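Student: Submitted below is the structure of interest, expressed as structure tokens.
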There are 2 protein chains.
Amino acid sequence: MKEEYFIDKYLKKCSKKNELFPIQIGDDCAVIKTDRDIVVSTDACVEKIHFPEDLDPYFIAFRSIAVAASDLIAMGSYPVGFLLTISHPNPDDKWFESFTEGIQEFNTIYGTTLIGGDLTKGELNISVTVFGEAPSRILKRDMAEHDDDIFVSNKLGLGRLGLNKVLNNELNLPNQYIKPSLLSKKETVELNKYLNAAIDVSDGLLLDLSRICKKSGVGAHMQIEDKFLTNDFDDLIAGDDYVLLFTAPNKSREQILSISESFQIIGKITNDKSIKVFDSLGKKLDFKQKGWDSFN
Amino acid sequence: MKEEYFIDKYLKKCSKKNELFPIQIGDDCAVIKTDRDIVVSTDACVEKIHFPEDLDPYFIAFRSIAVAASDLIAMGSYPVGFLLTISHPNPDDKWFESFTEGIQEFNTIYGTTLIGGDLTKGELNISVTVFGEAPSRILKRDMAEHDDDIFVSNKLGLGRLGLNKVLNNELNLPNQYIKPSLLSKKETVELNKYLNAAIDVSDGLLLDLSRICKKSGVGAHMQIEDKFLTNDFDDLIAGDDYVLLFTAPNKSREQILSISESFQIIGKITNDKSIKVFDSLGKKLDFKQKGWDSFN
């Protein structure tokens with residue numbers, strides 16, 4: 001039975017029992033033992049949609065888990081474990097060796113463990129459900145307020161640059177597309193008390209910001225400086241950056257900027273319900289689309 | 001944006017906030033508010049592998065959730081909510097209307113709610129992560145003991161019969177393949193204290209029983225009577241039955257059989273580490289395979 005062969009040989013070593021997850025992968029279900037609330041997010045990554053064909057399985061694993069974990073960080077939580085559903089047309093040992101190394105690398109960096117999953121035949125599709133403990137304040141998209149500063153946790157466009165490198169067969173690291181670097185737990189915890197709203201930039205800054213604005217009933221005004229970008233203004237609609245986009249009252253500005261040198265203020269929340277973007281000389285920028293949608 | 005359009009228009013109505021799940025679908029993550037342990041299982045259903053092409057999306061939804069929930073019941077838990085990851089090549093309103101009705105029907109019967117998810121382009125692939133509260137005793141596969149009775153919660157082969165009907169375009173209900181009927185919560189709770197080991201029959205009785213035997217370091221002896229089967233002896237290796245297969249000490253036999261008229265004792269756990277199957281006249285039955293694996 002191929003499913004059990006690959007789970008036993010490869011995935012088991014990514015799964016460590018601990019107090020929070022008392023059963024190792026291999027039974028019908030995982031168990032979460034808790035006296036705290038749990039935050040959970042799920043994300044599917046499909047070949048040729050979310051990553052290019054023939055990408056090294058090491059990066060497929062790392063990227064798929066990181067993309068799901070990024071959503072958790074956007075709520076102020078931090079990943080502790082995850083379930084993997086792997087659909088694969090024809091898995092072999094070579095694929096699983098590399099895929100497992102990617103899981104192990106993510107586990108080492110972020111202190112996580114694989115807690116369960118499913119392996120089945122199908123188009124290559126990695127669905128990740130990631131769990132974290134609930135933070136003292138769960139951050140949502142609907143609490144941005146007029147006059148909030150708008151921050152990003154790093155400059156935009158590194159995901160786009162990374163994808164272009166992969167398409168040119170340049171696989172040197174760091175590469176934010178194939179091996180996304182996420183906010184650290186320390187930064188996530190320190191930020192928590194200051195923020196009004198947060199989301200991760202997965203589908204493009206303008207699209208993800210519009211989600212905060214829509215849910216909060218506000219707008220935004222941004223003047224884009226060169227230092228916010230990696231490539232050009234299209235970095236605002238490119239996605240795959242996995243930086244945190246967040247808003248906070250002005251009074252917390254200094255404390256927030258002291259947490260990390262890579263945090264930048266890119267604009268202000270306004271009352272007028274539209275998002276206005278200008279270049280550094282004050283010229284209005286227009287975009288045909290706001291971001292990425294897998295169906296477009 | 002198609003993803004948000006379908007989530008807002010269809011999936012939101014399947015998602016009800018409650019004490020356990022305080023955030024409705026639509027933010028980055030779901031939150032599980034709990035002072036109890038949580039049991040969680042994940043399962044992917046892929047078109048042409050786990051269900052036939054062009055199956056009514058109502059049944060795709062119902063079946064995909066039921067298959068994942070069946071694993072939860074096998075641990076002694078019961079479903080309360082689930083995450084859905086939907087990969088679809090080209091979703092439209094008609095598809096989502098029917099799919100949503102299937103979700104709602106499952107929610108109505110089993111008292112569940114959709115708590116979050118993801119929608120993306122790809123081959124039709126429904127990945128379900130289902131959550132339940134932990135029962136007083138979490139049932140595992142590794143506790144079957146010598147001389148235990150082996151039970152099934154209903155006769156075998158109803159899944160196989162259901163699939164054959166679907167392939168002949170007979171969509172009348174009940175049909176255990178497209179609309180699986182699971183053990184009730186009352187039955188699941190009443191059974192809990194008696195059982196040593198349990199698993200659900202998803203891949204074939206012989207294969208799923210061998211998983212219990214392997215984990216528990218035991219074997220099994222079965223004499224198969226006609227009343228255990230729907231069709232013929234191949235019902236023992238057909239899978240898709242979603243009945244509970246469980247073992248319990250002899251002393252609990254009467255109490256267990258009084259819980260449901262459909263429960264049947266099909267054999268005994270033995271010490272010899274192999275599974276032996278005989279017909280009602282005592283003739284040994286041999287099978288070329290033990291069950292179903294998506295890769296074979």
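Every chain in the structure tokens has a letter given in the order shown (A, B, ...), and although residue numbers restart at 1 in each chain, ligands are simply numbered from 1 in the order shown.
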Distance limit 6 Å, atoms considered: only C-alpha atoms. Which chain A residues sit that close to chain B? Return them as a ChimeraX atom specification.

Tutor: /A:28-35,37-43,71,117-118,120-121,294-295

Student: For the residues selected in the previous step, produce a file with N, CA and C atoms as a PDB file, in the first residue's frame.

Tutor:
```pdb
ATOM      1  N   ASP A  28      -6.346   7.545  12.847  1.00  0.00           N
ATOM      2  CA  ASP A  28      -7.367   8.189  12.023  1.00  0.00           C
ATOM      3  C   ASP A  28      -7.330   9.707  12.124  1.00  0.00           C
ATOM      4  N   CYS A  29      -6.990  10.210  13.291  1.00  0.00           N
ATOM      5  CA  CYS A  29      -7.096  11.642  13.565  1.00  0.00           C
ATOM      6  C   CYS A  29      -5.902  12.118  14.373  1.00  0.00           C
ATOM      7  N   ALA A  30      -5.748  13.433  14.411  1.00  0.00           N
ATOM      8  CA  ALA A  30      -4.826  14.052  15.347  1.00  0.00           C
ATOM      9  C   ALA A  30      -5.630  14.544  16.551  1.00  0.00           C
ATOM     10  N   VAL A  31      -4.959  14.701  17.670  1.00  0.00           N
ATOM     11  CA  VAL A  31      -5.620  15.230  18.858  1.00  0.00           C
ATOM     12  C   VAL A  31      -4.866  16.480  19.300  1.00  0.00           C
ATOM     13  N   ILE A  32      -5.610  17.529  19.617  1.00  0.00           N
ATOM     14  CA  ILE A  32      -5.008  18.746  20.158  1.00  0.00           C
ATOM     15  C   ILE A  32      -5.405  18.847  21.620  1.00  0.00           C
ATOM     16  N   LYS A  33      -4.440  18.759  22.491  1.00  0.00           N
ATOM     17  CA  LYS A  33      -4.695  18.766  23.925  1.00  0.00           C
ATOM     18  C   LYS A  33      -4.491  20.185  24.410  1.00  0.00           C
ATOM     19  N   THR A  34      -5.513  20.800  24.906  1.00  0.00           N
ATOM     20  CA  THR A  34      -5.375  22.231  25.142  1.00  0.00           C
ATOM     21  C   THR A  34      -6.269  22.752  26.249  1.00  0.00           C
ATOM     22  N   ASP A  35      -5.765  23.736  26.986  1.00  0.00           N
ATOM     23  CA  ASP A  35      -6.653  24.534  27.823  1.00  0.00           C
ATOM     24  C   ASP A  35      -6.663  25.971  27.312  1.00  0.00           C
ATOM     25  N   ASP A  37      -7.289  28.578  23.630  1.00  0.00           N
ATOM     26  CA  ASP A  37      -7.955  28.598  22.332  1.00  0.00           C
ATOM     27  C   ASP A  37      -6.934  28.312  21.230  1.00  0.00           C
ATOM     28  N   ILE A  38      -7.459  27.821  20.113  1.00  0.00           N
ATOM     29  CA  ILE A  38      -6.615  27.396  18.995  1.00  0.00           C
ATOM     30  C   ILE A  38      -6.998  28.215  17.765  1.00  0.00           C
ATOM     31  N   VAL A  39      -6.003  28.665  17.029  1.00  0.00           N
ATOM     32  CA  VAL A  39      -6.232  29.354  15.763  1.00  0.00           C
ATOM     33  C   VAL A  39      -5.844  28.394  14.646  1.00  0.00           C
ATOM     34  N   VAL A  40      -6.639  28.345  13.583  1.00  0.00           N
ATOM     35  CA  VAL A  40      -6.385  27.350  12.545  1.00  0.00           C
ATOM     36  C   VAL A  40      -6.620  27.961  11.160  1.00  0.00           C
ATOM     37  N   SER A  41      -5.764  27.603  10.216  1.00  0.00           N
ATOM     38  CA  SER A  41      -5.912  28.117   8.852  1.00  0.00           C
ATOM     39  C   SER A  41      -5.592  27.026   7.851  1.00  0.00           C
ATOM     40  N   THR A  42      -6.238  27.080   6.695  1.00  0.00           N
ATOM     41  CA  THR A  42      -6.009  26.060   5.673  1.00  0.00           C
ATOM     42  C   THR A  42      -5.766  26.716   4.322  1.00  0.00           C
ATOM     43  N   ASP A  43      -4.867  26.147   3.547  1.00  0.00           N
ATOM     44  CA  ASP A  43      -4.469  26.715   2.257  1.00  0.00           C
ATOM     45  C   ASP A  43      -4.040  25.591   1.336  1.00  0.00           C
ATOM     46  N   ASP A  71      -0.850  33.090   7.188  1.00  0.00           N
ATOM     47  CA  ASP A  71      -2.211  33.495   7.580  1.00  0.00           C
ATOM     48  C   ASP A  71      -2.381  33.500   9.095  1.00  0.00           C
ATOM     49  N   GLY A 117      -2.391  13.729   8.480  1.00  0.00           N
ATOM     50  CA  GLY A 117      -2.556  14.065   7.083  1.00  0.00           C
ATOM     51  C   GLY A 117      -3.152  12.953   6.269  1.00  0.00           C
ATOM     52  N   ASP A 118      -3.071  13.120   4.978  1.00  0.00           N
ATOM     53  CA  ASP A 118      -3.674  12.187   4.040  1.00  0.00           C
ATOM     54  C   ASP A 118      -2.823  12.226   2.772  1.00  0.00           C
ATOM     55  N   THR A 120      -2.981  10.884  -1.282  1.00  0.00           N
ATOM     56  CA  THR A 120      -3.854  10.275  -2.272  1.00  0.00           C
ATOM     57  C   THR A 120      -3.360  10.595  -3.673  1.00  0.00           C
ATOM     58  N   LYS A 121      -3.833   9.811  -4.623  1.00  0.00           N
ATOM     59  CA  LYS A 121      -3.475  10.050  -6.022  1.00  0.00           C
ATOM     60  C   LYS A 121      -4.247  11.255  -6.548  1.00  0.00           C
ATOM     61  N   SER A 294      -6.415  33.156  -8.372  1.00  0.00           N
ATOM     62  CA  SER A 294      -6.017  31.966  -9.132  1.00  0.00           C
ATOM     63  C   SER A 294      -6.910  31.738 -10.347  1.00  0.00           C
ATOM     64  N   PHE A 295      -8.123  32.339 -10.351  1.00  0.00           N
ATOM     65  CA  PHE A 295      -9.060  32.105 -11.457  1.00  0.00           C
ATOM     66  C   PHE A 295      -8.895  33.108 -12.602  1.00  0.00           C
TER      67      PHE A 295
END
```

Student: Name all residues at most 10 Å from Ala220 in chain B (count only C-alpha atoms; drop same-chain ones fewer than 6 positions away) and give them as a list in words.

Tutor: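 Contacts, with the query itself left out: His146, Asp147, Asp148, Asp149, Ile150, Leu206, Leu209, Ser210, Ile212, Cys213, Gly267, Lys268, Ile269, Thr270, Asn271, Asp272, Lys273, Ser274, Ile275, Lys276 and Val277 of chain B.
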
Student: Looking only at the backbone, which of the residues in range 105-249 of chain A does DSSP tag as helix (DSSP H, G or I), as a ChimeraX atom specification?

Tutor: /A:105-110,158-167,185-192,205-216,226-228,233-237

Student: Between CA of Trp95 in chain B and CA of Leu163 in chain B, measure the distance and give it in Å to one decimal.

Tutor: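 Interatomic distance here is 21.3 Å.
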
Student: Calculate how many Å separate CA of Asn107 in chain B from CA of Cys14 in chain B, rounding to one decimal.

Tutor: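 Between CA of Asn107 in chain B and CA of Cys14 in chain B the gap works out to 7.7 Å.
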
Student: In Å, with one decimal, what is the gap from CA of Tyr194 in chain A to CA of Glu19 in chain B?

Tutor: 26.5 Å

Student: Can you work out which one of B:Phe228, B:Asp92, B:Pro52, B:Leu173 has the shortest atom-to-atom distance to Lys9 in chain B, counting only C-alpha atoms?

Tutor: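 Checking each candidate against Lys9 in chain B, we get B:Asp92 as the closest.
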
Student: Would you please extract all strand (DSSP E or B) residues from range 35-279 of chain B, as assigned by DSSP on the backbone, and give them as a JSON list (two decimals) with N, CA and C atoms, in the first residue's frame?

Tutor:
```json
[["chain", "number", "residue", "atom", "x", "y", "z"],
["B", 38, "ILE", "N", -9.37, 18.66, 21.47],
["B", 38, "ILE", "CA", -9.98, 18.67, 20.15],
["B", 38, "ILE", "C", -9.41, 17.50, 19.33],
["B", 39, "VAL", "N", -10.29, 16.81, 18.60],
["B", 39, "VAL", "CA", -9.84, 15.76, 17.69],
["B", 39, "VAL", "C", -10.00, 16.30, 16.27],
["B", 40, "VAL", "N", -9.02, 16.03, 15.41],
["B", 40, "VAL", "CA", -9.04, 16.63, 14.08],
["B", 40, "VAL", "C", -8.58, 15.62, 13.04],
["B", 41, "SER", "N", -9.25, 15.61, 11.89],
["B", 41, "SER", "CA", -8.88, 14.70, 10.82],
["B", 41, "SER", "C", -8.98, 15.40, 9.47],
["B", 42, "THR", "N", -8.14, 14.99, 8.54],
["B", 42, "THR", "CA", -8.16, 15.62, 7.22],
["B", 42, "THR", "C", -8.17, 14.56, 6.13],
["B", 43, "ASP", "N", -8.91, 14.81, 5.07],
["B", 43, "ASP", "CA", -9.09, 13.86, 3.98],
["B", 43, "ASP", "C", -9.31, 14.62, 2.67],
["B", 44, "ALA", "N", -8.67, 14.16, 1.61],
["B", 44, "ALA", "CA", -8.89, 14.77, 0.30],
["B", 44, "ALA", "C", -9.71, 13.85, -0.58],
["B", 45, "CYS", "N", -10.67, 14.40, -1.31],
["B", 45, "CYS", "CA", -11.44, 13.64, -2.30],
["B", 45, "CYS", "C", -11.19, 14.26, -3.67],
["B", 46, "VAL", "N", -10.67, 13.45, -4.58],
["B", 46, "VAL", "CA", -10.28, 13.92, -5.91],
["B", 46, "VAL", "C", -11.21, 13.31, -6.96],
["B", 47, "GLU", "N", -11.65, 14.14, -7.90],
["B", 47, "GLU", "CA", -12.53, 13.66, -8.97],
["B", 47, "GLU", "C", -11.84, 12.55, -9.77],
["B", 51, "PHE", "N", -14.47, 9.97, -6.47],
["B", 51, "PHE", "CA", -15.85, 10.05, -6.94],
["B", 51, "PHE", "C", -15.83, 10.20, -8.44],
["B", 78, "TYR", "N", -17.02, 13.15, 17.66],
["B", 78, "TYR", "CA", -18.13, 13.40, 16.76],
["B", 78, "TYR", "C", -17.95, 14.79, 16.15],
["B", 79, "PRO", "N", -18.27, 14.95, 14.85],
["B", 79, "PRO", "CA", -17.95, 16.22, 14.19],
["B", 79, "PRO", "C", -18.76, 17.40, 14.73],
["B", 80, "VAL", "N", -18.07, 18.55, 14.86],
["B", 80, "VAL", "CA", -18.76, 19.79, 15.23],
["B", 80, "VAL", "C", -18.55, 20.88, 14.18],
["B", 81, "GLY", "N", -17.45, 20.85, 13.46],
["B", 81, "GLY", "CA", -17.20, 21.87, 12.43],
["B", 81, "GLY", "C", -16.11, 21.39, 11.50],
["B", 82, "PHE", "N", -15.96, 22.08, 10.37],
["B", 82, "PHE", "CA", -14.94, 21.65, 9.39],
["B", 82, "PHE", "C", -14.45, 22.82, 8.56],
["B", 83, "LEU", "N", -13.22, 22.67, 8.06],
["B", 83, "LEU", "CA", -12.63, 23.56, 7.07],
["B", 83, "LEU", "C", -12.71, 22.88, 5.71],
["B", 84, "LEU", "N", -12.94, 23.64, 4.65],
["B", 84, "LEU", "CA", -12.99, 23.09, 3.29],
["B", 84, "LEU", "C", -11.94, 23.76, 2.42],
["B", 85, "THR", "N", -11.10, 22.98, 1.76],
["B", 85, "THR", "CA", -10.24, 23.53, 0.72],
["B", 85, "THR", "C", -10.76, 23.00, -0.60],
["B", 86, "ILE", "N", -11.23, 23.91, -1.44],
["B", 86, "ILE", "CA", -11.84, 23.53, -2.70],
["B", 86, "ILE", "C", -10.91, 23.93, -3.84],
["B", 87, "SER", "N", -10.40, 22.95, -4.60],
["B", 87, "SER", "CA", -9.72, 23.25, -5.85],
["B", 87, "SER", "C", -10.69, 22.90, -6.97],
["B", 88, "HIS", "N", -10.90, 23.83, -7.89],
["B", 88, "HIS", "CA", -11.91, 23.62, -8.94],
["B", 88, "HIS", "C", -11.40, 24.27, -10.23],
["B", 113, "THR", "N", -20.90, 22.97, 11.45],
["B", 113, "THR", "CA", -20.83, 24.24, 10.73],
["B", 113, "THR", "C", -19.50, 24.33, 9.98],
["B", 114, "LEU", "N", -19.53, 25.03, 8.84],
["B", 114, "LEU", "CA", -18.29, 25.32, 8.11],
["B", 114, "LEU", "C", -17.57, 26.43, 8.86],
["B", 115, "ILE", "N", -16.27, 26.27, 9.15],
["B", 115, "ILE", "CA", -15.60, 27.30, 9.95],
["B", 115, "ILE", "C", -14.50, 28.04, 9.19],
["B", 116, "GLY", "N", -14.19, 27.62, 7.97],
["B", 116, "GLY", "CA", -13.17, 28.34, 7.21],
["B", 116, "GLY", "C", -12.78, 27.53, 6.00],
["B", 117, "GLY", "N", -11.86, 28.09, 5.20],
["B", 117, "GLY", "CA", -11.44, 27.32, 4.05],
["B", 117, "GLY", "C", -10.68, 28.13, 3.04],
["B", 118, "ASP", "N", -10.55, 27.56, 1.87],
["B", 118, "ASP", "CA", -9.76, 28.15, 0.81],
["B", 118, "ASP", "C", -10.37, 27.68, -0.51],
["B", 119, "LEU", "N", -10.38, 28.57, -1.50],
["B", 119, "LEU", "CA", -10.89, 28.20, -2.83],
["B", 119, "LEU", "C", -9.82, 28.57, -3.83],
["B", 120, "THR", "N", -9.45, 27.63, -4.69],
["B", 120, "THR", "CA", -8.40, 27.92, -5.65],
["B", 120, "THR", "C", -8.64, 27.15, -6.94],
["B", 121, "LYS", "N", -7.99, 27.61, -8.00],
["B", 121, "LYS", "CA", -8.10, 26.92, -9.29],
["B", 121, "LYS", "C", -7.29, 25.62, -9.26],
["B", 125, "ASN", "N", -10.77, 18.92, -6.43],
["B", 125, "ASN", "CA", -10.14, 18.26, -5.26],
["B", 125, "ASN", "C", -10.71, 18.94, -4.03],
["B", 126, "ILE", "N", -11.45, 18.17, -3.22],
["B", 126, "ILE", "CA", -12.08, 18.72, -2.02],
["B", 126, "ILE", "C", -11.34, 18.16, -0.81],
["B", 127, "SER", "N", -10.65, 19.03, -0.10],
["B", 127, "SER", "CA", -9.92, 18.59, 1.09],
["B", 127, "SER", "C", -10.67, 19.11, 2.32],
["B", 128, "VAL", "N", -11.00, 18.19, 3.22],
["B", 128, "VAL", "CA", -11.83, 18.53, 4.38],
["B", 128, "VAL", "C", -11.02, 18.28, 5.65],
["B", 129, "THR", "N", -10.98, 19.26, 6.53],
["B", 129, "THR", "CA", -10.40, 19.08, 7.86],
["B", 129, "THR", "C", -11.53, 19.22, 8.87],
["B", 130, "VAL", "N", -11.80, 18.16, 9.60],
["B", 130, "VAL", "CA", -13.00, 18.14, 10.45],
["B", 130, "VAL", "C", -12.57, 18.08, 11.93],
["B", 131, "PHE", "N", -13.33, 18.77, 12.77],
["B", 131, "PHE", "CA", -13.01, 18.90, 14.19],
["B", 131, "PHE", "C", -14.13, 18.33, 15.06],
["B", 132, "GLY", "N", -13.74, 17.68, 16.14],
["B", 132, "GLY", "CA", -14.71, 17.22, 17.14],
["B", 132, "GLY", "C", -14.13, 17.38, 18.52],
["B", 133, "GLU", "N", -14.98, 17.41, 19.52],
["B", 133, "GLU", "CA", -14.47, 17.43, 20.88],
["B", 133, "GLU", "C", -13.95, 16.04, 21.23],
["B", 149, "ASP", "N", -14.16, -9.71, 20.64],
["B", 149, "ASP", "CA", -15.09, -9.82, 19.51],
["B", 149, "ASP", "C", -14.76, -8.74, 18.49],
["B", 150, "ILE", "N", -14.95, -9.08, 17.20],
["B", 150, "ILE", "CA", -14.80, -8.07, 16.14],
["B", 150, "ILE", "C", -16.21, -7.73, 15.63],
["B", 151, "PHE", "N", -16.55, -6.44, 15.66],
["B", 151, "PHE", "CA", -17.88, -5.99, 15.24],
["B", 151, "PHE", "C", -17.79, -5.10, 14.01],
["B", 152, "VAL", "N", -18.87, -5.07, 13.23],
["B", 152, "VAL", "CA", -19.08, -3.98, 12.28],
["B", 152, "VAL", "C", -20.42, -3.33, 12.63],
["B", 156, "LEU", "N", -21.54, -5.01, 5.27],
["B", 156, "LEU", "CA", -20.53, -4.49, 4.33],
["B", 156, "LEU", "C", -21.07, -4.51, 2.90],
["B", 197, "ALA", "N", -10.51, -1.17, 20.39],
["B", 197, "ALA", "CA", -9.90, -0.56, 19.21],
["B", 197, "ALA", "C", -10.99, -0.29, 18.18],
["B", 198, "ALA", "N", -10.78, 0.71, 17.35],
["B", 198, "ALA", "CA", -11.77, 1.02, 16.31],
["B", 198, "ALA", "C", -11.11, 1.69, 15.12],
["B", 199, "ILE", "N", -11.73, 1.51, 13.95],
["B", 199, "ILE", "CA", -11.30, 2.16, 12.71],
["B", 199, "ILE", "C", -12.55, 2.23, 11.84],
["B", 200, "ASP", "N", -12.60, 3.13, 10.87],
["B", 200, "ASP", "CA", -13.75, 3.09, 9.96],
["B", 200, "ASP", "C", -13.36, 2.31, 8.70],
["B", 219, "GLY", "N", -3.89, -10.97, 15.53],
["B", 219, "GLY", "CA", -4.48, -11.45, 14.30],
["B", 219, "GLY", "C", -5.99, -11.52, 14.43],
["B", 220, "ALA", "N", -6.64, -12.16, 13.44],
["B", 220, "ALA", "CA", -8.10, -12.23, 13.49],
["B", 220, "ALA", "C", -8.58, -13.52, 12.82],
["B", 221, "HIS", "N", -9.70, -14.00, 13.27],
["B", 221, "HIS", "CA", -10.34, -15.19, 12.70],
["B", 221, "HIS", "C", -11.79, -14.82, 12.44],
["B", 222, "MET", "N", -12.23, -14.97, 11.17],
["B", 222, "MET", "CA", -13.60, -14.59, 10.83],
["B", 222, "MET", "C", -14.28, -15.69, 10.03],
["B", 223, "GLN", "N", -15.53, -15.97, 10.35],
["B", 223, "GLN", "CA", -16.35, -16.86, 9.54],
["B", 223, "GLN", "C", -17.49, -16.01, 8.99],
["B", 224, "ILE", "N", -17.48, -15.82, 7.67],
["B", 224, "ILE", "CA", -18.35, -14.81, 7.06],
["B", 224, "ILE", "C", -19.72, -15.39, 6.72],
["B", 229, "LEU", "N", -22.98, -9.44, 4.52],
["B", 229, "LEU", "CA", -22.64, -8.90, 3.18],
["B", 229, "LEU", "C", -23.87, -8.36, 2.45],
["B", 244, "LEU", "N", -18.36, 1.46, 11.15],
["B", 244, "LEU", "CA", -17.32, 1.36, 12.16],
["B", 244, "LEU", "C", -16.94, -0.11, 12.35],
["B", 245, "LEU", "N", -15.64, -0.38, 12.34],
["B", 245, "LEU", "CA", -15.09, -1.70, 12.65],
["B", 245, "LEU", "C", -14.45, -1.58, 14.02],
["B", 246, "PHE", "N", -14.90, -2.41, 14.98],
["B", 246, "PHE", "CA", -14.36, -2.24, 16.33],
["B", 246, "PHE", "C", -14.22, -3.56, 17.06],
["B", 247, "THR", "N", -13.38, -3.57, 18.08],
["B", 247, "THR", "CA", -13.18, -4.78, 18.87],
["B", 247, "THR", "C", -13.49, -4.46, 20.32],
["B", 248, "ALA", "N", -13.99, -5.49, 21.04],
["B", 248, "ALA", "CA", -14.36, -5.29, 22.44],
["B", 248, "ALA", "C", -14.28, -6.63, 23.16],
["B", 264, "GLN", "N", -23.09, -6.18, 14.17],
["B", 264, "GLN", "CA", -22.92, -7.62, 14.02],
["B", 264, "GLN", "C", -21.52, -8.04, 14.45],
["B", 265, "ILE", "N", -21.41, -9.22, 15.04],
["B", 265, "ILE", "CA", -20.09, -9.77, 15.38],
["B", 265, "ILE", "C", -19.62, -10.62, 14.20],
["B", 266, "ILE", "N", -18.47, -10.27, 13.63],
["B", 266, "ILE", "CA", -18.01, -10.96, 12.42],
["B", 266, "ILE", "C", -16.80, -11.85, 12.69],
["B", 267, "GLY", "N", -16.25, -11.84, 13.91],
["B", 267, "GLY", "CA", -15.10, -12.69, 14.18],
["B", 267, "GLY", "C", -14.47, -12.39, 15.52],
["B", 268, "LYS", "N", -13.26, -12.92, 15.68],
["B", 268, "LYS", "CA", -12.54, -12.81, 16.95],
["B", 268, "LYS", "C", -11.10, -12.37, 16.70],
["B", 269, "ILE", "N", -10.56, -11.62, 17.63],
["B", 269, "ILE", "CA", -9.13, -11.29, 17.60],
["B", 269, "ILE", "C", -8.36, -12.49, 18.16],
["B", 270, "THR", "N", -7.25, -12.82, 17.48],
["B", 270, "THR", "CA", -6.43, -13.97, 17.89],
["B", 270, "THR", "C", -5.00, -13.52, 18.17],
["B", 275, "ILE", "N", -4.58, -12.77, 9.55],
["B", 275, "ILE", "CA", -6.03, -12.66, 9.44],
["B", 275, "ILE", "C", -6.53, -13.85, 8.62],
["B", 276, "LYS", "N", -7.38, -14.69, 9.22],
["B", 276, "LYS", "CA", -7.90, -15.87, 8.53],
["B", 276, "LYS", "C", -9.39, -15.68, 8.32],
["B", 277, "VAL", "N", -9.83, -15.93, 7.06],
["B", 277, "VAL", "CA", -11.23, -15.70, 6.70],
["B", 277, "VAL", "C", -11.82, -16.99, 6.14],
["B", 278, "PHE", "N", -12.99, -17.41, 6.65],
["B", 278, "PHE", "CA", -13.66, -18.62, 6.19],
["B", 278, "PHE", "C", -15.08, -18.29, 5.79],
["B", 279, "ASP", "N", -15.64, -19.10, 4.90],
["B", 279, "ASP", "CA", -17.06, -18.92, 4.58],
["B", 279, "ASP", "C", -17.89, -19.65, 5.65]]
```
